[in-house]
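So this one's structure04.txt, compact mmCIF, C-alpha atoms:
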```txt
# COMPACT_ATOMS: atom_id res chain seq x y z
CA MET A 29 -7.17 -4.45 -13.72
CA SER A 30 -8.40 -7.98 -12.88
CA ASN A 31 -12.08 -8.86 -12.53
CA ASP A 32 -11.53 -9.62 -8.82
CA LEU A 33 -10.06 -6.16 -8.29
CA ARG A 34 -12.90 -4.50 -10.22
CA SER A 35 -15.43 -6.28 -8.02
CA PHE A 36 -13.54 -5.35 -4.88
CA ALA A 37 -13.22 -1.70 -5.97
CA THR A 38 -16.94 -1.54 -6.79
CA ALA A 39 -17.81 -2.84 -3.34
CA VAL A 40 -15.46 -0.33 -1.73
CA MET A 41 -17.01 2.58 -3.62
CA ALA A 42 -20.49 1.48 -2.64
CA LEU A 43 -19.53 1.20 1.02
CA CYS A 44 -17.85 4.62 1.00
CA MET A 45 -20.88 6.24 -0.65
CA ALA A 46 -23.15 4.60 1.89
CA GLY A 47 -21.02 5.68 4.84
CA ALA A 48 -22.07 9.32 5.00
CA PRO A 49 -25.86 8.71 5.04
CA LEU A 50 -25.47 6.04 7.71
CA ALA A 51 -23.40 8.32 9.90
CA SER A 52 -25.80 11.21 9.34
CA HIS A 53 -28.71 9.05 10.43
CA ALA A 54 -26.82 8.04 13.59
CA GLN A 55 -25.87 11.62 14.46
CA GLN A 56 -28.21 14.18 12.93
CA SER A 57 -25.93 17.15 13.73
CA GLU A 58 -22.86 15.56 12.18
CA ALA A 59 -21.86 16.69 8.67
CA TRP A 60 -19.13 14.60 7.10
CA GLU A 61 -16.02 16.12 5.52
CA TRP A 62 -14.54 14.46 2.43
CA THR A 63 -11.01 14.53 1.05
CA ILE A 64 -9.25 12.92 -1.90
CA ALA A 65 -5.47 12.97 -2.24
CA PRO A 66 -3.39 11.76 -5.22
CA TYR A 67 0.26 11.14 -4.33
CA LEU A 68 3.52 10.49 -6.07
CA TRP A 69 5.71 8.06 -4.15
CA ALA A 70 9.40 7.55 -4.95
CA PRO A 71 10.29 4.42 -2.97
CA SER A 72 13.39 2.32 -2.88
CA ILE A 73 12.12 -1.14 -3.84
CA ALA A 74 13.58 -4.50 -2.83
CA THR A 75 12.09 -7.83 -3.91
CA ASP A 76 13.40 -11.13 -2.52
CA LEU A 77 12.46 -14.57 -3.87
CA ARG A 78 12.83 -17.96 -2.20
CA THR A 79 11.97 -20.92 -4.40
CA GLY A 80 11.55 -24.58 -3.48
CA GLN A 81 13.04 -25.67 -6.84
CA PRO A 82 16.55 -24.25 -7.38
CA PRO A 83 16.89 -22.96 -10.96
CA ALA A 84 20.64 -23.66 -11.02
CA GLU A 85 22.81 -25.93 -8.88
CA THR A 86 21.87 -25.35 -5.21
CA ASP A 87 20.68 -21.72 -5.24
CA SER A 88 17.16 -21.33 -3.85
CA ALA A 89 17.20 -17.83 -2.29
CA PHE A 90 17.63 -14.66 -4.33
CA SER A 91 17.86 -11.34 -2.52
CA ASP A 92 16.97 -8.14 -4.34
CA ILE A 93 15.96 -9.64 -7.68
CA ILE A 94 14.40 -6.20 -8.08
CA ASP A 95 16.43 -3.51 -6.33
CA LYS A 96 15.94 0.01 -7.59
CA ILE A 97 14.31 3.37 -6.98
CA ASP A 98 11.17 3.91 -9.02
CA GLY A 99 7.84 5.70 -8.92
CA ALA A 100 4.49 4.50 -7.65
CA PHE A 101 1.03 6.05 -7.89
CA LEU A 102 -1.18 6.34 -4.79
CA ILE A 103 -4.60 7.79 -4.12
CA HIS A 104 -6.32 8.21 -0.75
CA ALA A 105 -10.02 9.01 -0.26
CA GLU A 106 -11.55 9.69 3.15
CA GLY A 107 -14.85 10.67 4.74
CA ARG A 108 -14.86 11.89 8.34
CA GLY A 109 -17.48 12.76 10.92
CA ASP A 110 -17.07 13.79 14.55
CA HIS A 111 -16.21 10.30 15.84
CA PHE A 112 -16.48 7.92 12.88
CA GLY A 113 -15.19 7.77 9.34
CA ALA A 114 -13.93 5.59 6.50
CA PHE A 115 -11.07 5.66 4.03
CA ALA A 116 -9.83 3.84 0.93
CA ASP A 117 -6.27 3.65 -0.45
CA TYR A 118 -5.06 2.44 -3.84
CA ILE A 119 -1.42 1.85 -4.87
CA PHE A 120 -0.15 0.72 -8.27
CA LEU A 121 3.42 -0.36 -8.93
CA GLY A 122 4.96 -1.66 -12.16
CA LEU A 123 8.67 -2.19 -12.80
CA ALA A 124 11.35 -4.55 -14.12
CA ASP A 125 15.00 -5.23 -13.31
CA ASP A 126 17.93 -7.41 -14.42
CA ARG A 127 20.34 -8.83 -11.82
CA GLN A 128 23.53 -10.89 -11.86
CA PHE A 129 24.14 -13.57 -9.21
CA PRO A 130 27.17 -15.90 -8.82
CA ARG A 131 25.53 -18.81 -10.67
CA VAL A 132 22.62 -17.25 -12.52
CA ALA A 133 21.33 -14.06 -14.12
CA THR A 134 17.72 -12.99 -13.53
CA ARG A 135 15.25 -10.89 -15.46
CA SER A 136 12.23 -9.87 -13.35
CA ASP A 137 8.93 -8.14 -14.08
CA LEU A 138 6.61 -7.04 -11.27
CA ASP A 139 3.11 -5.56 -11.42
CA SER A 140 1.46 -5.08 -8.05
CA GLN A 141 -1.72 -3.42 -6.84
CA LEU A 142 -2.81 -2.78 -3.28
CA PHE A 143 -6.28 -1.70 -2.20
CA GLU A 144 -7.35 -0.86 1.34
CA LEU A 145 -10.76 -0.14 2.84
CA ALA A 146 -11.20 0.67 6.52
CA ALA A 147 -13.56 2.30 8.99
CA PHE A 148 -12.14 4.26 11.91
CA TRP A 149 -13.21 5.55 15.31
CA SER A 150 -11.96 8.79 16.89
CA PRO A 151 -12.44 8.96 20.67
CA GLY A 152 -11.31 12.60 20.94
CA GLU A 153 -13.58 15.63 20.99
CA GLU A 154 -11.79 17.61 18.25
CA ARG A 155 -12.35 16.42 14.68
CA SER A 156 -9.23 15.59 12.60
CA HIS A 157 -6.95 15.68 15.65
CA GLY A 158 -5.76 13.03 18.07
CA LEU A 159 -6.08 9.26 17.82
CA ASP A 160 -7.95 7.27 15.14
CA VAL A 161 -8.22 3.48 15.46
CA PHE A 162 -9.15 1.63 12.27
CA GLY A 163 -9.95 -1.82 10.96
CA GLY A 164 -10.79 -3.12 7.51
CA LEU A 165 -9.57 -5.05 4.49
CA ARG A 166 -6.29 -5.04 2.57
CA TYR A 167 -6.32 -6.55 -0.94
CA VAL A 168 -2.98 -7.31 -2.63
CA ASP A 169 -2.57 -8.38 -6.26
CA VAL A 170 0.92 -9.60 -7.24
CA ASP A 171 2.06 -10.54 -10.76
CA LEU A 172 5.76 -11.44 -10.63
CA LYS A 173 7.68 -13.24 -13.38
CA VAL A 174 11.36 -14.16 -12.99
CA ARG A 175 13.49 -15.72 -15.73
CA PHE A 176 16.68 -17.52 -14.62
CA ASP A 177 19.60 -17.86 -17.05
CA PRO A 178 22.26 -20.13 -15.47
CA ILE A 179 25.90 -19.28 -16.05
CA ASN A 180 26.71 -23.00 -16.33
CA PRO A 181 25.53 -24.13 -19.81
CA VAL A 182 24.68 -27.57 -18.41
CA PHE A 183 21.54 -26.03 -16.92
CA SER A 184 18.69 -24.74 -19.04
CA PRO A 185 16.91 -21.39 -18.51
CA SER A 186 13.79 -21.56 -16.35
CA GLU A 187 11.04 -19.33 -15.01
CA ARG A 188 9.22 -18.81 -11.72
CA SER A 189 6.06 -16.77 -11.36
CA ILE A 190 3.43 -15.58 -8.91
CA ASP A 191 0.13 -14.32 -10.31
CA LYS A 192 -2.35 -14.26 -7.45
CA SER A 193 -4.56 -12.00 -5.34
CA TYR A 194 -4.66 -12.00 -1.54
CA SER A 195 -7.17 -10.60 0.95
CA ASP A 196 -6.22 -9.71 4.54
CA PHE A 197 -7.87 -8.26 7.62
CA MET A 198 -6.13 -5.00 8.55
CA LEU A 199 -5.78 -3.28 11.94
CA GLY A 200 -4.00 -0.03 12.72
CA ALA A 201 -4.05 3.48 14.13
CA HIS A 202 -2.95 6.99 13.25
CA TYR A 203 -2.41 10.05 15.41
CA THR A 204 -2.58 13.68 14.28
CA TRP A 205 -0.97 16.65 16.01
CA ALA A 206 -1.85 20.28 15.23
CA LEU A 207 1.55 22.00 14.99
CA SER A 208 -0.02 25.39 14.20
CA ASP A 209 -3.12 26.80 12.51
CA ARG A 210 -1.95 25.49 9.11
CA TRP A 211 0.49 22.67 9.90
CA GLN A 212 -0.35 19.10 10.97
CA LEU A 213 1.70 15.95 11.56
CA THR A 214 0.14 12.48 11.22
CA LEU A 215 1.83 9.18 12.16
CA ARG A 216 0.32 5.88 11.03
CA GLY A 217 1.09 2.23 11.69
CA ASP A 218 -0.81 -0.92 10.69
CA GLY A 219 -0.55 -4.61 9.93
CA SER A 220 -2.67 -7.20 8.17
CA PHE A 221 -3.05 -10.98 8.23
CA GLY A 222 -5.04 -13.58 6.33
CA GLU A 223 -4.16 -14.94 2.89
CA THR A 224 -0.73 -13.26 2.78
CA GLU A 225 2.14 -14.27 5.03
CA GLY A 226 1.74 -10.85 6.68
CA THR A 227 1.99 -7.20 5.67
CA HIS A 228 2.81 -4.08 7.66
CA SER A 229 3.31 -0.39 6.96
CA ALA A 230 4.22 2.85 8.71
CA SER A 231 4.16 6.46 7.57
CA ALA A 232 4.77 10.03 8.70
CA VAL A 233 2.95 12.82 6.83
CA VAL A 234 3.05 16.61 7.23
CA ARG A 235 0.14 18.72 5.93
CA TYR A 236 0.14 22.44 5.13
CA HIS A 237 -3.46 23.62 4.86
CA VAL A 238 -4.52 26.12 2.19
CA LYS A 239 -7.90 27.36 0.98
CA HIS A 240 -9.11 24.26 -0.88
CA GLY A 241 -7.13 21.52 0.83
CA ALA A 242 -3.58 20.80 1.95
CA TRP A 243 -0.13 20.17 0.51
CA ILE A 244 1.32 16.89 1.74
CA VAL A 245 4.89 15.62 2.14
CA GLY A 246 5.99 12.56 4.04
CA TYR A 247 7.64 9.16 4.15
CA ARG A 248 6.11 5.67 3.91
CA TYR A 249 7.35 2.13 4.54
CA LEU A 250 5.45 -0.93 3.27
CA ALA A 251 6.40 -4.63 3.50
CA ILE A 252 4.46 -7.48 1.88
CA GLU A 253 5.18 -11.22 2.10
CA VAL A 254 3.27 -13.68 -0.12
CA GLU A 255 3.61 -17.37 -0.92
CA THR A 256 2.28 -19.62 -3.66
CA GLY A 257 3.39 -22.85 -5.29
CA GLY A 258 6.51 -23.18 -3.15
CA ASN A 259 7.70 -19.67 -4.06
CA ASN A 260 7.92 -17.08 -1.29
CA THR A 261 8.27 -13.40 -2.20
CA ASP A 262 9.05 -10.38 -0.01
CA ILE A 263 8.35 -6.92 -1.44
CA THR A 264 9.62 -3.93 0.56
CA LEU A 265 9.04 -0.30 -0.40
CA SER A 266 10.23 2.78 1.47
CA GLY A 267 10.70 6.38 0.45
CA PRO A 268 9.36 9.95 0.29
CA LEU A 269 5.94 10.95 -1.01
CA ALA A 270 4.25 14.22 -1.97
CA GLY A 271 0.82 15.27 -3.14
CA PHE A 272 -2.18 17.53 -2.64
CA GLU A 273 -5.26 16.73 -0.56
CA PHE A 274 -8.46 18.17 -2.03
CA ALA A 275 -11.17 18.96 0.56
CA PHE A 276 -14.89 19.25 -0.14
```

Conversion result in structure tokens:
Amino acid sequence: MSNDLRSFATAVMALCMAGAPLASHAQQSEAWEWTIAPYLWAPSIATDLRTGQPPAETDSAFSDIIDKIDGAFLIHAEGRGDHFGAFADYIFLGLADDRQFPRVATRSDLDSQLFELAAFWSPGEERSHGLDVFGGLRYVDVDLKVRFDPINPVFSPSERSIDKSYSDFMLGAHYTWALSDRWQLTLRGDGSFGETEGTHSASAVVRYHVKHGAWIVGYRYLAIEVETGGNNTDITLSGPLAGFEFAF
């Protein structure tokens, strides 16, 4: 993990730990509930690269230089009061792929981390149900290396890379329906803007509550667009997820 990400994560942890006392001071009768949920996500991953310097002949756009189904690790932590709360999300993704194009073969390696911190407001009277509106920060770290091996021997192999971190302001909302005493459905949508070229995500999650938490299954879509040094990269992930939400 980079030093920037360590610093960011430390700040997030401090803010989350400080959230409950601040809320308790504002509303003496309000006791916060805390949850932490590790997930396994099995997304279909597509990575597109557009480069300002063609590696072979006139090609400058390469769709799906990474195109495969792989696993990603997620963890979600949340503290919630009657009308206010905060959450943090962390996603790690690491994979590689080889592709063959008409004029060039590519070998790509991608390591990406995403960290989110947000505070939310719930206007409804019933805790953990209804609408939550949130705003916060989204931090994206992308390390992408692509080697190009031209089919035409006149051209020499070359490499393109992105190794940079981006910070965005994030806005979004989620809505939770109580389907029964044990079952809940939550829909979420958000977008962010700032140092990236734009990111957005959407998810649908079903919870089945048990004694010490809830089993979770769902589906998530995430799209990230970043640019540096004349190289523009789109990373799109979508697929099912499952995990367990521990409550305390």

Problem - Point-to-point distance from CA of Ser150 (chain A) to CA of Phe112 (chain A), Å rounded to tenths - result: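 These two atoms are separated by 6.1 Å.
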
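Nearest residue to Val170 (chain A), choosing from A:Asp262, A:Asp191, A:Asp125, A:Glu273 and counting all atoms listed in the file: A:Asp191.
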
Handout entry: For region 241-249 of chain A: contacts at 6 Å, only C-alpha atoms, fewer than 2 positions along chain excluded, given as JSON, numbers by chain
Key = {"A": [229, 230, 231, 232, 233, 234, 235, 236, 237, 238, 239, 265, 266, 267, 268, 269, 270, 271, 272, 273, 274, 275]}

Exercise for the section: Would you please work out which residue, of A:Arg78, A:Ala116, A:Val132, A:Asp169, is nearest to Ser184 (chain A) when using all atoms listed in the file? Expected result: A:Val132

Handout entry: Non-local contacts of region 171-175 of chain A (8 Å; all atoms listed in the file; under 3 positions in same chain excluded) as a list in words
Key =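 Near region 171-175 of chain A, the qualifying residues are Thr134, Arg135, Ser136, Asp137, Leu138, Asp139, Ser140, Pro185, Ser186, Glu187, Arg188, Ser189, Ile190, Asp191 and Lys192 of chain A.
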
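Using all atoms listed in the file, the smallest distance between any of A:His240, A:His202, A:Arg127, A:Arg210 and Gly163 (chain A) comes from A:His202.
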
Practice task
For the point (10.5, -5.8, 0.8) in the file's frame, write as a list in words all residues with an atom no more than 8 Å away, counting only C-alpha atoms.
Solution key: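 In the file's frame, the residues around the point are Ile73, Ala74, Thr75, Asp76, Leu250, Ala251, Ile252, Glu253, Asp262, Ile263, Thr264 and Leu265 of chain A.
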
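The spacing separating CA of Val161 (chain A) from CA of Gln141 (chain A) amounts to 24.2 Å.
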
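Reported to one decimal place, the separation of CA of Leu145 (chain A) from CA of Ala114 (chain A) is 7.5 Å.
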
Contact check, region 168-243 of chain A to region 146-149 of chain A, at most 10 Å, counting only C-alpha atoms, closest pairs as CSV:
```
residue,atom,partner,partner_atom,distance
A:Phe197,CA,A:Ala146,CA,9.6
A:Met198,CA,A:Ala146,CA,7.9
A:Leu199,CA,A:Ala146,CA,8.6
A:Gly200,CA,A:Phe148,CA,9.2
A:Ala201,CA,A:Phe148,CA,8.4
A:His202,CA,A:Phe148,CA,9.7
```

Saved selection, atoms kept: C-alpha atoms, as a JSON list (two decimals), in the coordinates of the input:
```json
[["chain", "number", "residue", "atom", "x", "y", "z"],
["A", 197, "PHE", "CA", -7.87, -8.26, 7.62],
["A", 198, "MET", "CA", -6.13, -5.00, 8.55],
["A", 199, "LEU", "CA", -5.78, -3.28, 11.94],
["A", 200, "GLY", "CA", -4.00, -0.03, 12.72],
["A", 201, "ALA", "CA", -4.05, 3.48, 14.13],
["A", 202, "HIS", "CA", -2.95, 6.99, 13.25]]
```

Handout entry: Residue neighbourhood Glu225 (chain A), 7 Å, all atoms listed in the file, exclusion window fewer than 2 positions, as a list in words
Key =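 Counting only the stated atoms, we get Phe221, Glu223, Glu253, Val254 and Glu255 of chain A.
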
Exercise for the section: Excluding Ser156 (chain A) and any residue of its chain fewer than 6 positions from it, enumerate the residues within 12 Å of it, using all atoms listed in the file, and give them as a PyMOL selection string. Expected result: chain A and resi 60-63+106-113+148-150+202-206+212-214+235

Problem - 6 Å contact set for Tyr194 (chain A), all atoms listed in the file, chain neighbours under 5 positions out, as a PyMOL selection string - result: chain A and resi 167-168+223-224
